[in-house]
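Containing mmCIF, C-alpha atoms: run-v4.cif.
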data_run
loop_
_atom_site.label_atom_id
_atom_site.label_comp_id
_atom_site.auth_asym_id
_atom_site.auth_seq_id
_atom_site.Cartn_x
_atom_site.Cartn_y
_atom_site.Cartn_z
CA MET A 30 -0.96 -24.40 -15.44
CA LEU A 31 -3.38 -22.07 -13.70
CA GLU A 32 -7.08 -22.65 -14.05
CA TYR A 33 -9.03 -20.15 -16.08
CA ASN A 34 -12.54 -21.12 -15.09
CA GLU A 35 -14.09 -17.72 -15.33
CA PRO A 36 -16.29 -16.52 -12.51
CA GLU A 37 -19.51 -14.78 -13.58
CA ARG A 38 -17.96 -11.48 -12.71
CA THR A 39 -14.73 -10.31 -11.17
CA GLU A 40 -15.18 -8.83 -7.73
CA PHE A 41 -13.70 -5.42 -6.96
CA SER A 42 -14.10 -4.68 -3.28
CA LYS A 43 -12.44 -3.14 -0.30
CA THR A 44 -11.91 -6.64 1.09
CA GLY A 45 -9.83 -7.54 -1.94
CA LEU A 46 -7.89 -4.29 -1.71
CA VAL A 47 -7.04 -4.92 1.94
CA ALA A 48 -6.07 -8.54 1.22
CA GLY A 49 -3.75 -7.29 -1.53
CA VAL A 50 -2.09 -4.78 0.79
CA ARG A 51 -1.70 -7.26 3.65
CA GLN A 52 -0.37 -10.16 1.64
CA SER A 53 2.10 -7.82 -0.09
CA ILE A 54 3.87 -6.67 3.06
CA PRO A 55 6.77 -9.12 2.56
CA ILE A 56 7.30 -8.14 -1.09
CA ALA A 57 6.97 -4.46 -0.14
CA LEU A 58 9.80 -5.00 2.37
CA GLY A 59 11.91 -6.51 -0.42
CA VAL A 60 11.10 -3.59 -2.74
CA PHE A 61 11.82 -1.14 0.08
CA THR A 62 15.31 -2.60 0.33
CA TYR A 63 15.99 -2.27 -3.42
CA GLY A 64 14.54 1.25 -3.24
CA ILE A 65 17.07 2.32 -0.64
CA VAL A 66 19.88 0.90 -2.75
CA PHE A 67 18.50 2.66 -5.83
CA GLY A 68 18.35 5.97 -3.95
CA ILE A 69 21.93 5.56 -2.74
CA LEU A 70 23.26 4.71 -6.19
CA ALA A 71 21.25 7.53 -7.81
CA ARG A 72 22.69 9.98 -5.30
CA GLN A 73 26.15 8.86 -6.36
CA SER A 74 25.25 9.33 -10.06
CA SER A 75 24.64 12.65 -11.78
CA LEU A 76 20.88 12.38 -11.35
CA GLY A 77 19.60 15.05 -8.96
CA PRO A 78 17.72 14.11 -5.76
CA LEU A 79 14.38 15.59 -6.86
CA GLU A 80 14.78 14.03 -10.29
CA THR A 81 15.41 10.67 -8.66
CA VAL A 82 12.23 10.82 -6.59
CA LEU A 83 10.23 12.13 -9.56
CA MET A 84 11.52 9.20 -11.63
CA SER A 85 10.47 6.69 -8.98
CA ILE A 86 6.97 8.17 -8.89
CA SER A 87 6.43 8.50 -12.63
CA VAL A 88 8.32 5.46 -13.93
CA PHE A 89 7.98 3.09 -10.95
CA GLY A 90 10.16 0.42 -12.52
CA ALA A 91 13.13 -0.73 -10.46
CA SER A 92 15.09 -2.61 -13.11
CA ALA A 93 14.78 0.11 -15.77
CA GLN A 94 15.70 2.78 -13.24
CA PHE A 95 18.82 0.89 -12.14
CA VAL A 96 19.90 0.41 -15.76
CA VAL A 97 19.50 4.05 -16.83
CA LEU A 98 21.69 5.30 -13.97
CA ASP A 99 24.68 4.23 -16.04
CA LEU A 100 23.36 6.21 -19.02
CA TRP A 101 22.83 9.41 -17.03
CA THR A 102 25.82 11.30 -18.44
CA SER A 103 26.27 14.71 -19.99
CA PRO A 104 25.05 15.37 -22.69
CA LEU A 105 22.07 13.24 -21.73
CA PRO A 106 21.29 10.49 -24.31
CA VAL A 107 17.51 10.92 -24.05
CA ILE A 108 16.59 8.55 -26.90
CA ALA A 109 18.89 5.80 -25.62
CA ILE A 110 17.44 6.19 -22.13
CA VAL A 111 13.85 5.88 -23.33
CA VAL A 112 14.59 2.95 -25.68
CA THR A 113 16.50 1.11 -22.95
CA THR A 114 13.65 1.67 -20.51
CA VAL A 115 11.09 0.21 -22.90
CA ALA A 116 13.35 -2.75 -23.71
CA VAL A 117 13.91 -3.52 -20.03
CA ASN A 118 10.16 -3.26 -19.41
CA LEU A 119 8.97 -5.38 -22.34
CA ARG A 120 8.25 -8.22 -19.92
CA LEU A 121 5.38 -6.10 -18.55
CA LEU A 122 3.60 -6.70 -21.87
CA LEU A 123 3.49 -10.42 -21.09
CA MET A 124 2.36 -9.79 -17.53
CA GLY A 125 -0.40 -7.43 -18.64
CA ALA A 126 -1.57 -9.95 -21.24
CA SER A 127 -1.64 -12.77 -18.70
CA ILE A 128 -3.75 -10.76 -16.28
CA GLN A 129 -6.25 -9.65 -18.93
CA PRO A 130 -8.84 -12.39 -18.25
CA TRP A 131 -9.06 -11.06 -14.71
CA LEU A 132 -9.33 -7.33 -15.39
CA LYS A 133 -11.47 -7.37 -18.52
CA ARG A 134 -14.76 -7.16 -16.60
CA LEU A 135 -13.83 -3.90 -14.92
CA THR A 136 -14.47 -0.48 -16.43
CA PRO A 137 -11.64 0.75 -18.69
CA ARG A 138 -10.97 3.62 -16.30
CA LYS A 139 -10.38 1.24 -13.41
CA THR A 140 -8.35 -1.16 -15.50
CA TYR A 141 -6.01 1.43 -16.97
CA GLY A 142 -5.65 3.02 -13.54
CA ILE A 143 -4.78 -0.28 -11.86
CA LEU A 144 -2.28 -1.09 -14.60
CA TYR A 145 -0.24 1.99 -13.67
CA PHE A 146 0.69 0.07 -10.50
CA LEU A 147 1.49 -3.20 -12.29
CA ASN A 148 4.91 -4.41 -11.17
CA ASP A 149 6.72 -7.75 -11.23
CA GLU A 150 6.21 -8.59 -7.59
CA SER A 151 2.53 -7.61 -7.39
CA TRP A 152 1.79 -9.39 -10.62
CA GLY A 153 3.48 -12.54 -9.37
CA LEU A 154 1.71 -12.47 -6.03
CA THR A 155 -1.61 -11.80 -7.74
CA MET A 156 -1.20 -14.72 -10.13
CA ARG A 157 -0.43 -16.98 -7.18
CA ALA A 158 -3.44 -15.66 -5.25
CA ARG A 159 -5.60 -16.21 -8.29
CA SER A 160 -4.44 -19.79 -8.65
CA ASN A 161 -5.44 -20.24 -4.99
CA GLY A 162 -8.97 -19.01 -5.69
CA GLU A 163 -8.72 -15.24 -5.09
CA ASN A 164 -11.50 -13.65 -7.11
CA ASP A 165 -11.13 -9.96 -6.37
CA ALA A 166 -9.31 -7.76 -8.88
CA ALA A 167 -8.78 -5.07 -6.22
CA PHE A 168 -6.14 -7.46 -4.84
CA LEU A 169 -3.78 -6.34 -7.63
CA LEU A 170 -4.48 -2.68 -6.87
CA GLY A 171 -3.84 -3.14 -3.14
CA SER A 172 -0.63 -4.97 -3.84
CA GLY A 173 0.47 -2.37 -6.40
CA LEU A 174 -0.24 0.53 -4.05
CA ILE A 175 1.79 -0.80 -1.12
CA VAL A 176 4.70 -1.67 -3.42
CA PHE A 177 4.47 1.81 -4.96
CA ALA A 178 4.50 3.42 -1.51
CA ALA A 179 7.50 1.29 -0.51
CA TRP A 180 9.41 2.19 -3.69
CA ILE A 181 8.84 5.94 -3.40
CA SER A 182 9.58 6.19 0.32
CA ALA A 183 12.67 4.00 0.03
CA THR A 184 13.97 6.03 -2.91
CA ALA A 185 13.60 9.21 -0.87
CA LEU A 186 15.32 7.60 2.11
CA GLY A 187 18.16 6.25 -0.05
CA VAL A 188 18.68 9.65 -1.68
CA SER A 189 18.84 11.30 1.75
CA ILE A 190 21.41 8.90 3.20
CA GLY A 191 23.19 8.34 -0.14
CA GLY A 192 26.19 10.46 0.78
CA LEU A 193 26.91 8.35 3.84
CA ILE A 194 26.94 4.83 2.46
CA GLN A 195 29.48 3.70 -0.09
CA ASN A 196 28.85 0.04 -0.74
CA PRO A 197 25.30 -1.33 -0.58
CA ALA A 198 25.04 -4.97 0.48
CA LYS A 199 24.40 -6.47 -2.91
CA TYR A 200 24.51 -10.16 -1.99
CA GLY A 201 21.68 -9.96 0.49
CA LEU A 202 19.54 -8.06 -2.03
CA ASP A 203 20.03 -10.54 -4.82
CA MET A 204 18.99 -13.32 -2.48
CA ALA A 205 15.86 -11.40 -1.42
CA PHE A 206 14.91 -11.15 -5.09
CA ILE A 207 15.60 -14.83 -5.73
CA ALA A 208 13.63 -15.89 -2.64
CA ILE A 209 10.59 -13.84 -3.69
CA TYR A 210 10.38 -15.55 -7.08
CA LEU A 211 11.21 -19.01 -5.73
CA THR A 212 8.25 -18.68 -3.37
CA LEU A 213 5.97 -17.43 -6.13
CA LEU A 214 7.11 -20.27 -8.38
CA ALA A 215 6.40 -22.82 -5.64
CA GLY A 216 2.98 -21.17 -5.21
CA VAL A 217 1.85 -21.54 -8.83
CA TRP A 218 3.51 -24.94 -9.33
CA ASN A 219 0.82 -27.36 -10.33
CA GLY A 220 2.67 -30.65 -10.54
CA ARG A 221 4.29 -32.50 -13.37
CA GLU A 222 2.45 -30.71 -16.17
CA ASP A 223 4.46 -27.60 -15.29
CA ALA A 224 7.80 -29.36 -15.65
CA ILE A 225 7.99 -28.75 -19.41
CA PRO A 226 7.15 -25.00 -19.53
CA VAL A 227 9.18 -24.19 -16.41
CA GLY A 228 12.13 -26.42 -17.37
CA ILE A 229 12.31 -25.08 -20.94
CA ALA A 230 11.98 -21.51 -19.64
CA ALA A 231 14.89 -22.08 -17.25
CA LEU A 232 17.11 -23.46 -20.02
CA ALA A 233 16.16 -20.72 -22.49
CA ALA A 234 16.71 -17.98 -19.89
CA LEU A 235 20.07 -19.41 -18.90
CA ALA A 236 21.23 -19.75 -22.52
CA THR A 237 20.03 -16.22 -23.33
CA SER A 238 21.79 -14.75 -20.30
CA VAL A 239 25.07 -16.24 -21.57
CA VAL A 240 24.63 -15.07 -25.17
CA ILE A 241 22.85 -11.70 -24.95
CA ALA A 242 23.73 -8.88 -22.57
CA GLY A 243 20.97 -7.13 -20.64
CA ASN A 244 17.78 -8.63 -19.27
CA TRP A 245 16.42 -10.17 -22.47
CA TYR A 246 16.60 -13.55 -20.78
CA ILE A 247 13.40 -12.76 -18.84
CA ILE A 248 11.18 -12.25 -21.85
CA ILE A 249 12.89 -14.91 -24.00
CA GLY A 250 12.69 -17.49 -21.21
CA GLY A 251 9.08 -16.53 -20.47
CA LEU A 252 8.01 -16.78 -24.11
CA THR A 253 9.93 -19.98 -24.90
CA GLY A 254 8.72 -21.80 -21.80
CA SER A 255 5.06 -20.79 -22.10
CA ILE A 256 4.99 -21.65 -25.81
CA ALA A 257 6.65 -24.99 -25.04
CA GLY A 258 3.78 -25.71 -22.65
CA VAL A 259 1.21 -25.12 -25.40
CA VAL A 260 3.18 -27.17 -27.94
CA ARG A 261 3.35 -30.04 -25.45
CA ASP A 262 -0.43 -29.83 -24.86
CA GLU A 263 -1.19 -29.81 -28.57
CA TYR A 264 1.26 -32.28 -29.99
CA VAL A 265 2.53 -34.63 -27.29
CA MET B 1470 25.43 19.81 -2.23
CA ASN B 1471 25.68 22.20 -5.17
CA MET B 1472 22.63 23.95 -6.60
CA SER B 1473 22.87 22.48 -10.09
CA LYS B 1474 22.12 19.07 -8.65
CA ILE B 1475 19.09 20.28 -6.74
CA GLN B 1476 17.50 22.04 -9.69
CA MET B 1477 16.00 19.84 -12.35
CA SER B 1478 17.15 20.34 -15.91
CA THR B 1479 14.70 20.42 -18.79
CA VAL B 1480 16.52 17.65 -20.62
CA SER B 1481 16.48 15.42 -17.55
CA LEU B 1482 12.77 16.04 -17.15
CA ALA B 1483 12.23 15.15 -20.82
CA ALA B 1484 14.13 11.88 -20.35
CA ILE B 1485 12.14 11.02 -17.22
CA ALA B 1486 8.86 11.86 -18.98
CA GLY B 1487 9.87 9.64 -21.92
CA MET B 1488 10.70 6.81 -19.53
CA ALA B 1489 7.36 7.25 -17.75
CA VAL B 1490 5.33 7.20 -20.95
CA GLY B 1491 7.28 4.26 -22.40
CA THR B 1492 6.86 2.26 -19.19
CA TYR B 1493 3.14 2.95 -18.94
CA LEU B 1494 2.72 1.78 -22.54
CA THR B 1495 4.41 -1.54 -21.67
CA ARG B 1496 2.12 -1.83 -18.61
CA VAL B 1497 -1.08 -1.41 -20.63
CA GLY B 1498 0.09 -2.69 -24.05
CA GLY B 1499 -0.18 -6.42 -23.38
CA TYR B 1500 -3.58 -6.01 -21.75
CA TRP B 1501 -4.85 -3.82 -24.59
CA LEU B 1502 -3.59 -6.14 -27.32
CA VAL B 1503 -5.13 -9.26 -25.80
CA SER B 1504 -8.43 -7.38 -25.28
CA GLN B 1505 -8.79 -6.86 -29.02
CA PHE B 1506 -9.49 -10.56 -29.62
CA GLU B 1507 -11.76 -13.28 -28.32
CA LEU B 1508 -9.31 -15.55 -26.51
CA THR B 1509 -9.20 -19.15 -27.74
CA PRO B 1510 -8.66 -21.94 -25.18
CA ARG B 1511 -5.20 -22.48 -26.64
CA PHE B 1512 -4.33 -18.82 -26.14
CA GLN B 1513 -5.63 -18.94 -22.57
CA ALA B 1514 -3.54 -22.04 -21.95
CA TRP B 1515 -0.53 -20.10 -23.21
CA LEU B 1516 -1.26 -17.18 -20.87
CA SER B 1517 -1.59 -19.60 -17.96
CA TYR B 1518 1.95 -20.90 -18.56
CA VAL B 1519 3.45 -17.39 -18.56
CA PRO B 1520 3.79 -16.86 -14.78
CA GLY B 1521 5.81 -19.99 -13.99
CA ALA B 1522 7.97 -19.45 -17.08
CA ILE B 1523 8.68 -15.84 -16.09
CA PHE B 1524 9.35 -16.63 -12.42
CA VAL B 1525 11.94 -19.25 -13.27
CA SER B 1526 13.49 -17.03 -15.97
CA LEU B 1527 13.93 -14.19 -13.50
CA ILE B 1528 15.92 -16.32 -11.07
CA VAL B 1529 17.83 -19.05 -12.92
CA PRO B 1530 20.42 -16.79 -14.60
CA LYS B 1531 21.01 -14.86 -11.35
CA LEU B 1532 21.50 -18.13 -9.49
CA ALA B 1533 23.59 -19.83 -12.17
CA HIS B 1534 26.06 -16.94 -12.41
CA GLY B 1535 25.99 -16.40 -8.65
CA GLY B 1536 28.47 -19.01 -7.36
CA PRO B 1537 28.31 -21.74 -4.70
CA ALA B 1538 27.19 -19.52 -1.79
CA LYS B 1539 24.11 -18.43 -3.72
CA TRP B 1540 23.38 -21.98 -4.88
CA ILE B 1541 23.30 -23.22 -1.31
CA ALA B 1542 21.33 -20.18 -0.12
CA GLY B 1543 18.95 -20.62 -3.06
CA LEU B 1544 18.37 -24.23 -2.07
CA ALA B 1545 17.64 -23.14 1.51
CA ALA B 1546 15.24 -20.45 0.26
CA LEU B 1547 13.53 -22.98 -2.04
CA ILE B 1548 13.04 -25.53 0.75
CA VAL B 1549 11.55 -22.87 3.03
CA ALA B 1550 9.41 -21.50 0.17
CA TRP B 1551 8.15 -24.98 -0.63
CA ARG B 1552 7.27 -25.87 2.93
CA SER B 1553 5.92 -22.53 4.17
CA GLY B 1554 4.75 -20.71 1.02
CA ASN B 1555 5.84 -17.58 2.91
CA ILE B 1556 7.92 -15.00 1.04
CA LEU B 1557 9.31 -13.38 4.18
CA TYR B 1558 10.56 -16.67 5.68
CA SER B 1559 12.10 -17.65 2.36
CA MET B 1560 13.84 -14.27 2.07
CA LEU B 1561 15.20 -14.53 5.59
CA ALA B 1562 16.47 -18.08 4.96
CA GLY B 1563 18.15 -17.10 1.69
CA ILE B 1564 19.75 -13.91 3.01
CA GLY B 1565 20.78 -15.59 6.27
CA VAL B 1566 22.50 -18.47 4.53
CA VAL B 1567 24.22 -16.31 1.90
CA LEU B 1568 25.56 -13.86 4.49
CA LEU B 1569 26.74 -16.74 6.68
CA LEU B 1570 28.55 -18.39 3.77
CA ARG B 1571 30.09 -15.09 2.59
CA HIS B 1572 31.69 -14.79 6.01
CA LEU B 1573 33.15 -18.30 5.94
CA PRO B 1574 36.57 -18.25 4.29
CA VAL B 1575 36.02 -21.72 2.77
CA VAL B 1576 33.30 -20.80 0.27
CA ALA B 1577 33.90 -17.11 -0.47
#
Exercise: express the given structure as structure tokens:
Amino acid sequence: MLEYNEPERTEFSKTGLVAGVRQSIPIALGVFTYGIVFGILARQSSLGPLETVLMSISVFGASAQFVVLDLWTSPLPVIAIVVTTVAVNLRLLLMGASIQPWLKRLTPRKTYGILYFLNDESWGLTMRARSNGENDAAFLLGSGLIVFAAWISATALGVSIGGLIQNPAKYGLDMAFIAIYLTLLAGVWNGREDAIPVGIAALAALATSVVIAGNWYIIIGGLTGSIAGVVRDEYV
Amino acid sequence: MNMSKIQMSTVSLAAIAGMAVGTYLTRVGGYWLVSQFELTPRFQAWLSYVPGAIFVSLIVPKLAHGGPAKWIAGLAALIVAWRSGNILYSMLAGIGVVLLLRHLPVVA
């Protein structure tokens, strides 16, 4: 469990911004790789090149964007696309909630601006940094900005070369994703008290992934595990 | 490339706009909701368990359904992650091992 000893105020400085950018270079490289693959696959779908780049800028959500490629048929099922996007992104609700104690001291304008750049990788890295004593909320913004830049530029690159490449190297990509979250997990791991929430989350996610199609396992695992941690604290 | 693919259609733009708005609402919704209440210690404890629970949920199904090459590569990535705390090293270890194993006829 991370410590929530609140500092008097959350810092928001250029130093934090730069730290966020620098420490996010590895995750930005990972996102850059998915971005190229997304651009290539989008080019091979019926989504136009400009539409693809516009989507990456305005939606900025890799998993939702990958999923809707399959739905991009004619006539376009707009409602299904929007509903699927929200469903795939529901996990962001949990991430935004968990980061609230850190952002609440900023002005609403700053907070709602920073949240535009909230993404899985930056959130994860920020939570790890926070558990290691980082006290500057600009860290999340810096991380979000470099990941955003990586996603947009990689999408554009993928779209441009999309005609040339037929079969993106999927195995390497999956492992990049797994390695990112294994490292973040190791970074927030706080000893035996985390065994219950993390273990229950793993089991719940695995069971959900077998029973329910789609990515519901993320939010169901996340909820079940974190609630199990509280139940253990209260009753065991 | 034909012109119809270069030009953006109104219905495509509407779908992208809907996706953008829906996604932004999920980005701010959790923050907004939690901001409406004074957080109890129990609630804060819950929030503090969310990251680890989400991290493991993101990877376990992918690993479990991934086959032996990914299990071994995942173990390599975990060991490197544990010892170095460095995402880049862990990624290189995982990708290196999985690509190596994919090219060995024994495991494939």
Chain A residues near chain B (7 Å cut-off, all atoms listed in the file) as a PyMOL selection string:
chain A and resi 30-31+55+77-80+84+87-88+107+110-111+114-115+118-119+121-123+125-127+129+141+144-145+147+153+201+204-205+207-212+214-217+226-227+230-231+234-235+238+246-247+250-251+254-256+258-259
From CA of Gly228 in chain A to CA of Arg261 in chain A the spacing works out at 12.5 Å
Go through the shown structure with the PyMOL selection byres ((chain A and resi 184) around 8) and write out the matching residues as a PyMOL selection string.
chain A and resi 64-69+81-82+85+180-183+185-188
Given the file shown, determine the residues that the PyMOL selection byres ((chain A and resi 166) around 10) selects; report them as a CSV table (one decimal) with C-alpha atoms, keeping the file's coordinate frame.
chain,number,residue,atom,x,y,z
A,39,THR,CA,-14.7,-10.3,-11.2
A,40,GLU,CA,-15.2,-8.8,-7.7
A,41,PHE,CA,-13.7,-5.4,-7.0
A,42,SER,CA,-14.1,-4.7,-3.3
A,45,GLY,CA,-9.8,-7.5,-1.9
A,46,LEU,CA,-7.9,-4.3,-1.7
A,49,GLY,CA,-3.8,-7.3,-1.5
A,128,ILE,CA,-3.8,-10.8,-16.3
A,131,TRP,CA,-9.1,-11.1,-14.7
A,132,LEU,CA,-9.3,-7.3,-15.4
A,133,LYS,CA,-11.5,-7.4,-18.5
A,134,ARG,CA,-14.8,-7.2,-16.6
A,135,LEU,CA,-13.8,-3.9,-14.9
A,140,THR,CA,-8.4,-1.2,-15.5
A,143,ILE,CA,-4.8,-0.3,-11.9
A,155,THR,CA,-1.6,-11.8,-7.7
A,159,ARG,CA,-5.6,-16.2,-8.3
A,163,GLU,CA,-8.7,-15.2,-5.1
A,164,ASN,CA,-11.5,-13.6,-7.1
A,165,ASP,CA,-11.1,-10.0,-6.4
A,167,ALA,CA,-8.8,-5.1,-6.2
A,168,PHE,CA,-6.1,-7.5,-4.8
A,169,LEU,CA,-3.8,-6.3,-7.6
A,170,LEU,CA,-4.5,-2.7,-6.9
A,171,GLY,CA,-3.8,-3.1,-3.1
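Closest approach to Phe95 in chain A from the set A:Phe206, A:Phe177, A:Tyr63, A:Tyr264 is made by A:Tyr63, with distances taken over only C-alpha atoms.
Here CA of Ile1541 in chain B stands at a distance of 10.8 Å from CA of Leu1569 in chain B.
As for CA of Ala178 in chain A and CA of Asp149 in chain A, they are spaced 15.0 Å apart.
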Axis-aligned box for all listed atoms of range 1533-1539 of chain B, 6 Å per side, centre and edges in Å to one decimal, as AutoDock Vina command-line options:
--center_x 26.0 --center_y -19.1 --center_z -7.1 --size_x 16.9 --size_y 17.3 --size_z 22.6
Evaluating the PyMOL selection byres ((chain A and resi 97-106) around 7) on the displayed file yields which residues, as a VMD selection string?
chain A and resid 71 74 to 76 93 to 96 107 to 110
May I have the selected residues written with C-alpha atoms, as a compact mmCIF listing (two decimals), in the frame of the given file?
# COMPACT_ATOMS: atom_id res chain seq x y z
CA ALA A 71 21.25 7.53 -7.81
CA SER A 74 25.25 9.33 -10.06
CA SER A 75 24.64 12.65 -11.78
CA LEU A 76 20.88 12.38 -11.35
CA ALA A 93 14.78 0.11 -15.77
CA GLN A 94 15.70 2.78 -13.24
CA PHE A 95 18.82 0.89 -12.14
CA VAL A 96 19.90 0.41 -15.76
CA VAL A 107 17.51 10.92 -24.05
CA ILE A 108 16.59 8.55 -26.90
CA ALA A 109 18.89 5.80 -25.62
CA ILE A 110 17.44 6.19 -22.13
